[in-house]
Each structure stands twice: as structure tokens, then as C-alpha cells.
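Engineer: Pasting run.pdb here (PDB, C-alpha atoms and all ligand atoms):
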```pdb
ATOM      1  CA  MET A   1     -19.606  -5.182  -2.004
ATOM      2  CA  ALA A   2     -19.919  -8.681  -3.543
ATOM      3  CA  GLY A   3     -17.559  -9.079  -6.463
ATOM      4  CA  ARG A   4     -16.060  -5.591  -6.514
ATOM      5  CA  LEU A   5     -12.696  -5.500  -8.287
ATOM      6  CA  ALA A   6      -9.803  -4.548  -5.990
ATOM      7  CA  LEU A   7      -6.292  -3.687  -7.196
ATOM      8  CA  VAL A   8      -3.501  -3.988  -4.640
ATOM      9  CA  THR A   9      -0.126  -2.550  -5.667
ATOM     10  CA  GLY A  10       2.705  -4.404  -3.973
ATOM     11  CA  GLY A  11       0.128  -7.106  -3.367
ATOM     12  CA  ASN A  12       2.722  -9.857  -3.372
ATOM     13  CA  GLY A  13       4.681  -8.309  -0.483
ATOM     14  CA  GLY A  14       4.309  -9.044   3.214
ATOM     15  CA  ILE A  15       1.402  -6.735   4.029
ATOM     16  CA  GLY A  16       0.073  -7.006   0.468
ATOM     17  CA  THR A  17      -0.363 -10.758   0.667
ATOM     18  CA  ALA A  18      -2.369 -10.386   3.871
ATOM     19  CA  VAL A  19      -4.536  -7.723   2.182
ATOM     20  CA  CYS A  20      -5.124  -9.986  -0.828
ATOM     21  CA  ARG A  21      -6.145 -12.864   1.456
ATOM     22  CA  GLU A  22      -8.480 -10.669   3.517
ATOM     23  CA  LEU A  23     -10.208  -9.047   0.535
ATOM     24  CA  ALA A  24     -10.520 -12.343  -1.363
ATOM     25  CA  ALA A  25     -12.037 -13.951   1.733
ATOM     26  CA  GLN A  26     -14.599 -11.141   1.839
ATOM     27  CA  GLY A  27     -15.663 -11.761  -1.761
ATOM     28  CA  TYR A  28     -13.717  -9.087  -3.643
ATOM     29  CA  ARG A  29     -12.108 -10.012  -6.953
ATOM     30  CA  VAL A  30      -8.488  -9.216  -6.174
ATOM     31  CA  VAL A  31      -5.607  -8.427  -8.520
ATOM     32  CA  ALA A  32      -2.091  -7.629  -7.285
ATOM     33  CA  THR A  33       0.620  -5.814  -9.224
ATOM     34  CA  CYS A  34       4.013  -7.375  -9.696
ATOM     35  CA  ILE A  35       7.125  -5.867 -11.281
ATOM     36  CA  ASP A  36       7.599  -7.145 -14.852
ATOM     37  CA  ALA A  37      10.887  -8.934 -14.264
ATOM     38  CA  ARG A  38       9.451 -10.778 -11.277
ATOM     39  CA  ALA A  39       6.385 -12.247 -12.959
ATOM     40  CA  GLU A  40       7.661 -15.792 -12.394
ATOM     41  CA  ASP A  41       7.812 -15.160  -8.652
ATOM     42  CA  ALA A  42       4.285 -13.785  -8.884
ATOM     43  CA  ALA A  43       3.072 -16.972 -10.561
ATOM     44  CA  GLY A  44       4.519 -18.991  -7.660
ATOM     45  CA  TRP A  45       2.958 -16.604  -5.154
ATOM     46  CA  GLN A  46      -0.421 -16.934  -6.866
ATOM     47  CA  ALA A  47      -0.136 -20.751  -6.838
ATOM     48  CA  ARG A  48       0.645 -20.747  -3.103
ATOM     49  CA  LEU A  49      -2.401 -18.602  -2.385
ATOM     50  CA  ARG A  50      -4.531 -20.878  -4.534
ATOM     51  CA  GLU A  51      -3.367 -23.865  -2.435
ATOM     52  CA  GLU A  52      -4.499 -21.938   0.651
ATOM     53  CA  GLY A  53      -7.914 -21.484  -0.983
ATOM     54  CA  TYR A  54      -7.595 -17.865  -2.168
ATOM     55  CA  SER A  55      -8.205 -16.948  -5.783
ATOM     56  CA  VAL A  56      -6.105 -13.870  -6.604
ATOM     57  CA  GLY A  57      -4.871 -12.509  -9.936
ATOM     58  CA  TYR A  58      -1.788 -10.507 -10.752
ATOM     59  CA  ILE A  59      -0.765  -8.028 -13.409
ATOM     60  CA  GLU A  60       2.690  -6.791 -14.376
ATOM     61  CA  CYS A  61       3.187  -3.159 -13.469
ATOM     62  CA  ASP A  62       6.141  -1.188 -12.171
ATOM     63  CA  VAL A  63       4.418   1.687 -10.379
ATOM     64  CA  THR A  64       7.265   4.096 -11.199
ATOM     65  CA  ASP A  65       6.510   3.762 -14.926
ATOM     66  CA  ILE A  66       3.388   5.690 -15.903
ATOM     67  CA  THR A  67       3.201   4.060 -19.319
ATOM     68  CA  ALA A  68       3.238   0.634 -17.678
ATOM     69  CA  CYS A  69       0.487   1.828 -15.309
ATOM     70  CA  GLU A  70      -1.646   3.043 -18.216
ATOM     71  CA  ARG A  71      -1.140  -0.262 -20.028
ATOM     72  CA  ALA A  72      -1.904  -2.359 -16.942
ATOM     73  CA  ALA A  73      -5.034  -0.336 -16.123
ATOM     74  CA  ALA A  74      -6.382  -0.686 -19.662
ATOM     75  CA  GLU A  75      -5.738  -4.446 -19.667
ATOM     76  CA  LEU A  76      -7.244  -4.892 -16.240
ATOM     77  CA  GLU A  77     -10.432  -2.985 -17.003
ATOM     78  CA  ARG A  78     -10.787  -4.653 -20.403
ATOM     79  CA  GLU A  79     -10.546  -8.142 -18.890
ATOM     80  CA  HIS A  80     -12.138  -7.690 -15.485
ATOM     81  CA  GLY A  81     -14.179  -4.488 -15.600
ATOM     82  CA  PRO A  82     -13.763  -1.304 -13.552
ATOM     83  CA  VAL A  83     -11.461  -1.099 -10.562
ATOM     84  CA  GLU A  84     -13.582   0.057  -7.642
ATOM     85  CA  VAL A  85     -11.100  -0.471  -4.824
ATOM     86  CA  LEU A  86      -7.456   0.596  -4.964
ATOM     87  CA  VAL A  87      -4.910  -0.131  -2.266
ATOM     88  CA  ASN A  88      -1.589   1.655  -2.840
ATOM     89  CA  LEU A  89       0.902  -0.501  -0.977
ATOM     90  CA  ALA A  90       3.983  -0.654  -3.207
ATOM     91  CA  GLY A  91       6.886   0.734  -1.248
ATOM     92  CA  ILE A  92      10.631   0.554  -0.710
ATOM     93  CA  THR A  93      13.187   1.892   1.731
ATOM     94  CA  ARG A  94      16.774   3.049   1.055
ATOM     95  CA  ASP A  95      17.862   4.078   4.541
ATOM     96  CA  LYS A  96      20.844   6.328   5.095
ATOM     97  CA  PHE A  97      21.613   9.366   7.197
ATOM     98  CA  PHE A  98      20.869  12.449   5.129
ATOM     99  CA  HIS A  99      24.494  13.635   5.030
ATOM    100  CA  LYS A 100      25.369  10.349   3.292
ATOM    101  CA  MET A 101      22.277  10.087   1.096
ATOM    102  CA  GLY A 102      22.734  10.250  -2.652
ATOM    103  CA  ALA A 103      20.211  11.658  -5.107
ATOM    104  CA  GLU A 104      19.462   8.126  -6.312
ATOM    105  CA  ASP A 105      18.463   7.014  -2.778
ATOM    106  CA  TRP A 106      16.170  10.022  -2.538
ATOM    107  CA  GLU A 107      14.627   9.693  -5.980
ATOM    108  CA  SER A 108      14.051   5.926  -5.935
ATOM    109  CA  VAL A 109      12.143   6.123  -2.644
ATOM    110  CA  LEU A 110      10.066   9.132  -3.754
ATOM    111  CA  ASP A 111       9.465   7.438  -7.110
ATOM    112  CA  VAL A 112       8.020   4.202  -5.743
ATOM    113  CA  ASN A 113       6.284   5.480  -2.612
ATOM    114  CA  LEU A 114       4.845   8.774  -3.868
ATOM    115  CA  ARG A 115       5.069   9.136  -7.635
ATOM    116  CA  GLY A 116       3.826   5.524  -7.844
ATOM    117  CA  VAL A 117       0.674   6.569  -6.001
ATOM    118  CA  PHE A 118       0.067   9.286  -8.590
ATOM    119  CA  ASN A 119       0.835   6.970 -11.516
ATOM    120  CA  VAL A 120      -1.601   4.287 -10.394
ATOM    121  CA  THR A 121      -4.363   6.364  -8.821
ATOM    122  CA  ARG A 122      -4.508   8.651 -11.858
ATOM    123  CA  GLN A 123      -5.679   5.682 -13.956
ATOM    124  CA  PHE A 124      -8.817   5.041 -11.938
ATOM    125  CA  VAL A 125     -10.177   8.198 -10.331
ATOM    126  CA  ALA A 126     -12.120   9.498 -13.344
ATOM    127  CA  GLY A 127     -13.938   6.167 -13.679
ATOM    128  CA  MET A 128     -14.685   6.022  -9.968
ATOM    129  CA  ARG A 129     -16.153   9.528 -10.106
ATOM    130  CA  GLU A 130     -18.307   8.675 -13.113
ATOM    131  CA  ARG A 131     -19.643   5.531 -11.444
ATOM    132  CA  ARG A 132     -20.025   7.392  -8.145
ATOM    133  CA  PHE A 133     -18.227   4.748  -6.173
ATOM    134  CA  GLY A 134     -14.574   4.322  -5.273
ATOM    135  CA  ARG A 135     -12.371   3.320  -2.350
ATOM    136  CA  ILE A 136      -8.711   4.322  -2.259
ATOM    137  CA  VAL A 137      -6.415   3.456   0.627
ATOM    138  CA  ASN A 138      -2.826   4.692   0.684
ATOM    139  CA  ILE A 139      -0.381   2.926   2.963
ATOM    140  CA  SER A 140       1.832   5.440   4.672
ATOM    141  CA  SER A 141       3.846   4.815   7.834
ATOM    142  CA  VAL A 142       4.290   5.957  11.393
ATOM    143  CA  ASN A 143       7.570   7.390  10.107
ATOM    144  CA  GLY A 144       5.643   9.707   7.801
ATOM    145  CA  GLN A 145       3.985  11.131  10.925
ATOM    146  CA  SER A 146       6.846  11.271  13.392
ATOM    147  CA  GLY A 147       9.953  11.173  11.162
ATOM    148  CA  GLN A 148      12.703   8.595  11.576
ATOM    149  CA  LEU A 149      16.440   8.975  11.497
ATOM    150  CA  GLY A 150      17.998   7.429   8.405
ATOM    151  CA  GLN A 151      14.710   7.898   6.563
ATOM    152  CA  THR A 152      14.455  11.485   5.339
ATOM    153  CA  ASN A 153      13.524  10.102   1.912
ATOM    154  CA  TYR A 154      10.967   7.597   3.185
ATOM    155  CA  SER A 155       9.505   9.962   5.809
ATOM    156  CA  ALA A 156       9.107  12.687   3.159
ATOM    157  CA  ALA A 157       7.374  10.315   0.742
ATOM    158  CA  LYS A 158       5.066   8.874   3.402
ATOM    159  CA  ALA A 159       4.218  12.326   4.800
ATOM    160  CA  GLY A 160       3.450  13.447   1.240
ATOM    161  CA  MET A 161       0.844  10.724   1.026
ATOM    162  CA  HIS A 162      -1.165  12.396   3.785
ATOM    163  CA  GLY A 163      -1.453  15.665   1.853
ATOM    164  CA  PHE A 164      -2.358  13.774  -1.289
ATOM    165  CA  THR A 165      -4.978  11.740   0.558
ATOM    166  CA  MET A 166      -6.669  14.713   2.202
ATOM    167  CA  ALA A 167      -6.781  16.748  -1.028
ATOM    168  CA  LEU A 168      -8.089  13.888  -3.169
ATOM    169  CA  ALA A 169     -10.623  13.005  -0.465
ATOM    170  CA  LYS A 170     -12.108  16.479  -0.797
ATOM    171  CA  GLU A 171     -12.246  16.164  -4.578
ATOM    172  CA  GLY A 172     -13.973  12.779  -4.429
ATOM    173  CA  ALA A 173     -16.304  13.307  -1.485
ATOM    174  CA  SER A 174     -19.392  14.366  -3.430
ATOM    175  CA  LYS A 175     -18.813  11.596  -5.995
ATOM    176  CA  GLY A 176     -18.819   8.612  -3.652
ATOM    177  CA  VAL A 177     -15.034   8.219  -3.781
ATOM    178  CA  THR A 178     -13.354   7.910  -0.395
ATOM    179  CA  VAL A 179      -9.602   8.297   0.079
ATOM    180  CA  ASN A 180      -7.862   7.382   3.309
ATOM    181  CA  THR A 181      -4.431   6.616   4.671
ATOM    182  CA  VAL A 182      -3.359   3.781   6.935
ATOM    183  CA  SER A 183      -0.129   4.371   8.835
ATOM    184  CA  PRO A 184       1.343   1.148  10.186
ATOM    185  CA  GLY A 185       4.025   1.057  12.817
ATOM    186  CA  TYR A 186       6.604  -1.729  12.449
ATOM    187  CA  VAL A 187       5.205  -4.838  10.785
ATOM    188  CA  ASP A 188       6.688  -8.318  10.625
ATOM    189  CA  THR A 189       7.609  -8.464   6.910
ATOM    190  CA  SER A 190      10.781  -8.640   4.811
ATOM    191  CA  MET A 191      11.032  -4.842   5.101
ATOM    192  CA  THR A 192      11.681  -5.034   8.847
ATOM    193  CA  ALA A 193      13.610  -8.316   8.524
ATOM    194  CA  GLU A 194      16.233  -6.315   6.584
ATOM    195  CA  MET A 195      16.845  -4.065   9.598
ATOM    196  CA  PRO A 196      19.785  -4.814  11.936
ATOM    197  CA  ASP A 197      18.644  -6.949  14.902
ATOM    198  CA  GLU A 198      19.724  -4.387  17.504
ATOM    199  CA  THR A 199      17.820  -1.585  15.740
ATOM    200  CA  LEU A 200      14.674  -3.661  15.555
ATOM    201  CA  GLU A 201      14.984  -4.751  19.216
ATOM    202  CA  ARG A 202      15.374  -1.124  20.267
ATOM    203  CA  ILE A 203      12.297  -0.121  18.292
ATOM    204  CA  VAL A 204      10.187  -2.979  19.614
ATOM    205  CA  SER A 205      11.210  -2.042  23.168
ATOM    206  CA  GLN A 206       9.580   1.367  22.513
ATOM    207  CA  VAL A 207       6.283  -0.104  21.257
ATOM    208  CA  PRO A 208       3.731  -0.099  24.088
ATOM    209  CA  VAL A 209       2.091  -3.280  22.742
ATOM    210  CA  GLY A 210       5.561  -4.849  22.930
ATOM    211  CA  ARG A 211       5.825  -6.542  19.536
ATOM    212  CA  LEU A 212       5.760  -6.006  15.794
ATOM    213  CA  ALA A 213       2.386  -5.848  14.053
ATOM    214  CA  ARG A 214       1.230  -8.878  12.116
ATOM    215  CA  PRO A 215       0.417  -8.120   8.450
ATOM    216  CA  GLU A 216      -3.142  -9.359   9.057
ATOM    217  CA  GLU A 217      -3.643  -6.572  11.602
ATOM    218  CA  ILE A 218      -3.003  -3.985   8.890
ATOM    219  CA  ALA A 219      -5.137  -5.856   6.368
ATOM    220  CA  ARG A 220      -8.167  -5.789   8.673
ATOM    221  CA  VAL A 221      -8.099  -1.993   8.824
ATOM    222  CA  ILE A 222      -7.751  -1.685   5.054
ATOM    223  CA  ALA A 223     -10.696  -4.050   4.557
ATOM    224  CA  PHE A 224     -12.744  -1.935   6.971
ATOM    225  CA  LEU A 225     -11.986   1.263   5.036
ATOM    226  CA  VAL A 226     -12.851  -0.157   1.616
ATOM    227  CA  ALA A 227     -16.205  -1.563   2.709
ATOM    228  CA  ASP A 228     -19.332  -0.055   1.157
ATOM    229  CA  GLU A 229     -20.460   0.791   4.700
ATOM    230  CA  SER A 230     -17.397   3.012   5.310
ATOM    231  CA  ALA A 231     -18.754   5.722   2.983
ATOM    232  CA  TYR A 232     -18.499   8.488   5.605
ATOM    233  CA  ILE A 233     -14.818   7.945   6.382
ATOM    234  CA  THR A 234     -12.706   9.990   3.997
ATOM    235  CA  GLY A 235      -9.544  12.066   4.277
ATOM    236  CA  ALA A 236      -8.688  10.155   7.446
ATOM    237  CA  ASN A 237      -5.474   8.577   8.618
ATOM    238  CA  ILE A 238      -5.731   5.420  10.691
ATOM    239  CA  PRO A 239      -2.576   4.687  12.696
ATOM    240  CA  VAL A 240      -1.966   0.990  13.416
ATOM    241  CA  ASN A 241       1.206   1.221  15.428
ATOM    242  CA  GLY A 242       0.769  -0.525  18.782
ATOM    243  CA  GLY A 243       0.803   2.829  20.568
ATOM    244  CA  LEU A 244       4.258   3.782  19.256
ATOM    245  CA  PHE A 245       3.087   7.239  18.170
ATOM    246  CA  CYS A 246      -0.121   8.679  19.545
ATOM    247  CA  SER A 247      -1.724  11.827  18.168
ATOM    248  CA  PHE A 248      -5.200  13.086  17.460
TER
HETATM  249  P1  LIG B   1       7.448  -5.682   1.241
HETATM  250  O1  LIG B   1       8.851  -5.345   0.852
HETATM  251  O2  LIG B   1       7.132  -7.053   1.689
HETATM  252  O3  LIG B   1       6.443  -5.311   0.064
HETATM  253  C1  LIG B   1       6.649  -4.213  -0.754
HETATM  254  C2  LIG B   1       5.902  -4.480  -2.040
HETATM  255  O4  LIG B   1       6.072  -3.369  -2.932
HETATM  256  C3  LIG B   1       6.397  -5.712  -2.789
HETATM  257  O5  LIG B   1       5.296  -6.421  -3.316
HETATM  258  C4  LIG B   1       7.224  -5.110  -3.903
HETATM  259  O6  LIG B   1       7.336  -5.945  -5.046
HETATM  260  C5  LIG B   1       6.402  -3.877  -4.201
HETATM  261  N1  LIG B   1       7.129  -2.921  -4.998
HETATM  262  C6  LIG B   1       8.319  -2.333  -4.728
HETATM  263  N2  LIG B   1       8.680  -1.527  -5.736
HETATM  264  C7  LIG B   1       7.684  -1.589  -6.652
HETATM  265  C8  LIG B   1       7.468  -0.996  -7.919
HETATM  266  N3  LIG B   1       8.355  -0.139  -8.451
HETATM  267  N4  LIG B   1       6.345  -1.307  -8.603
HETATM  268  C9  LIG B   1       5.433  -2.174  -8.095
HETATM  269  N5  LIG B   1       5.587  -2.771  -6.897
HETATM  270  C10 LIG B   1       6.702  -2.487  -6.194
HETATM  271  O7  LIG B   1       7.078  -4.626   2.361
HETATM  272  P2  LIG B   1       5.800  -4.492   3.292
HETATM  273  O8  LIG B   1       4.741  -5.442   2.911
HETATM  274  O9  LIG B   1       6.317  -4.483   4.676
HETATM  275  O10 LIG B   1       5.370  -2.996   2.941
HETATM  276  C11 LIG B   1       4.179  -2.681   2.216
HETATM  277  C12 LIG B   1       3.908  -1.199   2.385
HETATM  278  O11 LIG B   1       3.708  -0.904   3.755
HETATM  279  C13 LIG B   1       5.043  -0.296   1.910
HETATM  280  O12 LIG B   1       4.510   0.837   1.287
HETATM  281  C14 LIG B   1       5.732   0.084   3.200
HETATM  282  O13 LIG B   1       6.392   1.323   3.071
HETATM  283  C15 LIG B   1       4.545   0.147   4.140
HETATM  284  N6  LIG B   1       4.907   0.002   5.541
HETATM  285  C16 LIG B   1       5.580  -1.113   5.978
HETATM  286  C17 LIG B   1       5.931  -1.213   7.308
HETATM  287  C18 LIG B   1       6.669  -2.379   7.852
HETATM  288  O14 LIG B   1       7.102  -2.309   9.021
HETATM  289  N7  LIG B   1       6.826  -3.488   7.142
HETATM  290  C19 LIG B   1       5.603  -0.144   8.265
HETATM  291  C20 LIG B   1       4.880   0.957   7.698
HETATM  292  C21 LIG B   1       4.555   1.012   6.371
HETATM  293  P3  LIG B   1       8.594  -6.991  -5.125
HETATM  294  O15 LIG B   1       8.444  -7.918  -3.968
HETATM  295  O16 LIG B   1       8.407  -7.652  -6.438
HETATM  296  O17 LIG B   1       9.807  -6.142  -5.021
END
```
Write the structure described by the file as C-alpha cells, please.
Structural biologist:
Amino acid sequence: MAGRLALVTGGNGGIGTAVCRELAAQGYRVVATCIDARAEDAAGWQARLREEGYSVGYIECDVTDITACERAAAELEREHGPVEVLVNLAGITRDKFFHKMGAEDWESVLDVNLRGVFNVTRQFVAGMRERRFGRIVNISSVNGQSGQLGQTNYSAAKAGMHGFTMALAKEGASKGVTVNTVSPGYVDTSMTAEMPDETLERIVSQVPVGRLARPEEIARVIAFLVADESAYITGANIPVNGGLFCSF
């Protein structure tokens, strides 16, 4: 594992930052994506992590733009070598009941959460297959398993990730490339902070563990899946939801 290059899309977000810390602490060379216009924020984010003792890079890349993904991948591999670990975390919500949802709400959520996974993953799979090693983890959601009102767009995108993961896992299995999904429940990040207090309280009251997840609790599972030793886990979905939705 020592020194493997890990790319984390949405790495400067709530869960992403925890993933970057965890992987850097384990000796991976970690690079996060940031959206072009927000590069200054990313520089500040990187400086804060450096003060905490974590060395993490970032690269500008809007995951909805395949040309930007191609450019970022080429730059990354030219400067740092092959990406061996990919964590697809970039995601957004645009919640609305379906009868009020516009095409833009639908498309923007599908674009970031699902098309973004294609745009980024497509850059690295051939290389992973050639080198006979790769770890891809896609971050879905409990709401991609159980559905959630106000989230037909998000639930569709996150459910789509499961199909993508299982199919790509089968393609990569004989080439040392594992592909898995992690499905968090509700995590304490800006994404849940945007929800109305009463909605969040109602949801938390339904979580058997009785609280939101901490981002670090998601990061631990991702780090487990990308380890060299996790070679036999592929095509799996790991729910990390405090018991909110149980299935087998
Ligand atoms: P955040 O909003 O904190 O992080 C989302 C990240 O995605 C940010 O870094 C954001 O960048 C990035 N991003 C958004 N759009 C793009 C884009 N077009 N190109 C590149 N990056 C983009 O949310 P979380 O950390 O909570 O969520 C991370 C992932 O986990 C998401 O996929 C989310 O759906 C999933 N998830 C979250 C749950 C939760 O309860 N928080 C529960 C289940 C799943 P920027 O900050 O610059 O906008």
C-alpha cells in the first residue's frame, strides 16, 4: 500500500476531508478534486490540513465536465504517476417533491452524482487493468437503497451507482481491480446542515444508533475497502447508516 496515489473527488467536502485525512495518515499520496472556480478555497483547505499534519494535494476538476476530467487525469498522472485508488465522493442534492421538480434539478443531480462517476472513473480503469491493481469506491447513500421523499433525482442517481459498481466489479475482477459502494446514512456535514431542523430531528429519531454519523466513520470503511488486503471484496455495498435501513 505504501505510497499509492489516491484521488478523492469532492475531497474538500465534509466526508471527503475525513477520507483525505484517513488515507494520508495511512501513507497514501492523496489528491482531492476541487471545482475550478473554488481553487482559492481549496488552497485554504489544503493549508488547514497541512497545519493539522496532513499532506494532501488538490487538482481543479468539475466532475460534470469530461474534458476537464481528461485534462486533470493527464496532469495528475504526469506529475504524480498512476492513480491506483479512486474514491468517487462528489455529490449534490436539489431536493423537491417530484411534482415540483424541474428538468434542471433532475439533470444537475444526475450529472454530478452519476455522470461524474463515469467521467472520472473512465480516465483510470484502463490503466488499473493494465497494472493489475485498482481500488474504486463509489459513495452512494441509504436513500439510493430505500428511496426518500423529495429526492427522486438523488435516489435515482445513487441507486444507479449500485448497478454501475456491480457491473464494473465483474469487468475488473480478473484484473485486480475492485469496485465497491459505500452507502452512508445521514452524516454530520454541510449537506445535512442545509436540511430544516425539524426534518433532521425526525430522521435522527428514526436512526437506531440515535445520532448522525461522523464523517470519520465513513472514512474508516472507505480506507478498509481500498486496502491491498481487501482484494476479495468487490461488487459489494457497505451500508454505514446506524441501523436506519437494514437489508442483506
Ligand atoms: P459536501 O457538500 O460536504 O461535499 C460534497 C463535495 O462534492 C464537495 O467537495 C463539493 O465541492 C463536491 N462537488 C460538488 N459538485 C461537484 C462537481 N461538479 N465537481 C467536483 N466536485 C463537486 O457533502 P458530503 O461530504 O456530506 O457528501 C459527500 C458524498 O457523500 C456525496 O456524494 C453525498 O451524496 C454522499 N452522502 C452524504 C450523506 C450525508 O448525510 N452528508 C449521506 C449519504 C451520502 P464544493 O465544496 O467545492 O462544492
Engineer: Please, which residues in chain A fall within 8 Å of ligand LIG 1 (chain B) when counting all atoms listed in the file, and what is the closest atom pair and distance in Å to one decimal for each, ordered by chain then residue number, as a tab-separated table?
Structural biologist:
```
residue	atom	partner	partner_atom	distance
A:Thr9	CA	B:LIG1	N5	5.8
A:Gly10	CA	B:LIG1	O5	3.3
A:Gly11	CA	B:LIG1	O5	5.2
A:Asn12	CA	B:LIG1	O5	4.3
A:Gly13	CA	B:LIG1	O5	3.5
A:Gly14	CA	B:LIG1	O8	3.6
A:Ile15	CA	B:LIG1	O8	3.8
A:Gly16	CA	B:LIG1	O8	5.5
A:Thr17	CA	B:LIG1	O8	7.7
A:Thr33	CA	B:LIG1	C9	6.1
A:Cys34	CA	B:LIG1	O16	5.5
A:Ile35	CA	B:LIG1	C9	5.2
A:Arg38	CA	B:LIG1	O16	5.9
A:Asp41	CA	B:LIG1	O16	7.9
A:Ala42	CA	B:LIG1	O16	7.8
A:Cys61	CA	B:LIG1	C9	5.9
A:Asp62	CA	B:LIG1	N4	3.6
A:Val63	CA	B:LIG1	N4	4.0
A:Thr64	CA	B:LIG1	N3	5.2
A:Asp65	CA	B:LIG1	N3	7.8
A:Asn88	CA	B:LIG1	O12	7.4
A:Leu89	CA	B:LIG1	O12	4.5
A:Ala90	CA	B:LIG1	O4	3.4
A:Gly91	CA	B:LIG1	O12	3.5
A:Ile92	CA	B:LIG1	C6	5.5
A:Thr93	CA	B:LIG1	O13	6.9
A:Asp111	CA	B:LIG1	N3	7.8
A:Val112	CA	B:LIG1	N3	5.1
A:Asn113	CA	B:LIG1	O12	6.3
A:Gly116	CA	B:LIG1	N3	7.3
A:Ile139	CA	B:LIG1	O12	5.6
A:Ser140	CA	B:LIG1	C21	5.5
A:Ser141	CA	B:LIG1	C20	4.0
A:Val142	CA	B:LIG1	C20	6.2
A:Asn143	CA	B:LIG1	C20	7.4
A:Tyr154	CA	B:LIG1	O13	7.8
A:Lys158	CA	B:LIG1	O13	7.7
A:Ser183	CA	B:LIG1	C20	6.2
A:Pro184	CA	B:LIG1	C20	4.3
A:Gly185	CA	B:LIG1	C19	5.0
A:Tyr186	CA	B:LIG1	O14	3.5
A:Val187	CA	B:LIG1	O14	3.6
A:Asp188	CA	B:LIG1	N7	6.0
A:Thr189	CA	B:LIG1	O9	4.7
A:Ser190	CA	B:LIG1	O2	5.1
A:Met191	CA	B:LIG1	O9	4.7
A:Thr192	CA	B:LIG1	O14	5.3
A:Leu212	CA	B:LIG1	O14	7.8
A:Ala213	CA	B:LIG1	O14	7.8
A:Pro215	CA	B:LIG1	O8	7.5
```
Engineer: To one decimal place in Å, what is the distance between CA of Met128 (chain A) and CA of Gly176 (chain A)?
Structural biologist: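 These two atoms are separated by 8.0 Å.
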Engineer: Of the candidates A:Phe98, A:Ala167, A:Gln123, A:Glu104, which one gets nearest to Ser155 (chain A) if we count only C-alpha atoms?
Structural biologist: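 For Ser155 (chain A), the nearest of the given residues is A:Phe98.
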Engineer: What is the CA of Gln46 (chain A) to CA of Glu79 (chain A) distance in Å?
Structural biologist: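 Spanning CA of Gln46 (chain A) to CA of Glu79 (chain A) is a straight-line distance of 18.0 Å.
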Engineer: Work out how far apart CA of Val207 (chain A) and CA of Leu244 (chain A) are and give it in Å to one decimal.
Structural biologist: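 Atom-to-atom, CA of Val207 (chain A) and CA of Leu244 (chain A) are spaced 4.8 Å apart.
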Engineer: Enumerate, as a list in words, the residues matched when the PyMOL selection byres (((chain A and resi 180) around 6) and not hetatm) is run on the file above.
Structural biologist: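 Output of the PyMOL selection byres (((chain A and resi 180) around 6) and not hetatm): Val137, Thr165, Val179, Thr181, Thr234, Gly235, Ala236 and Asn237 of chain A.
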Engineer: Could you check the closest approach to Arg94 (chain A) for each of A:Ser174, A:Asn119, A:Ser108, A:Ser247 and tell me which residue wins, using all atoms listed in the file?
Structural biologist: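 Smallest distance to Arg94 (chain A) is found for A:Ser108.
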Engineer: Can you turn the PyMOL selection byres (((chain A and resi 240) around 8) and not hetatm) into a concrete residue list for this file, as a PyMOL selection string?
Structural biologist: chain A and resi 182-185+217-218+238-239+241-243
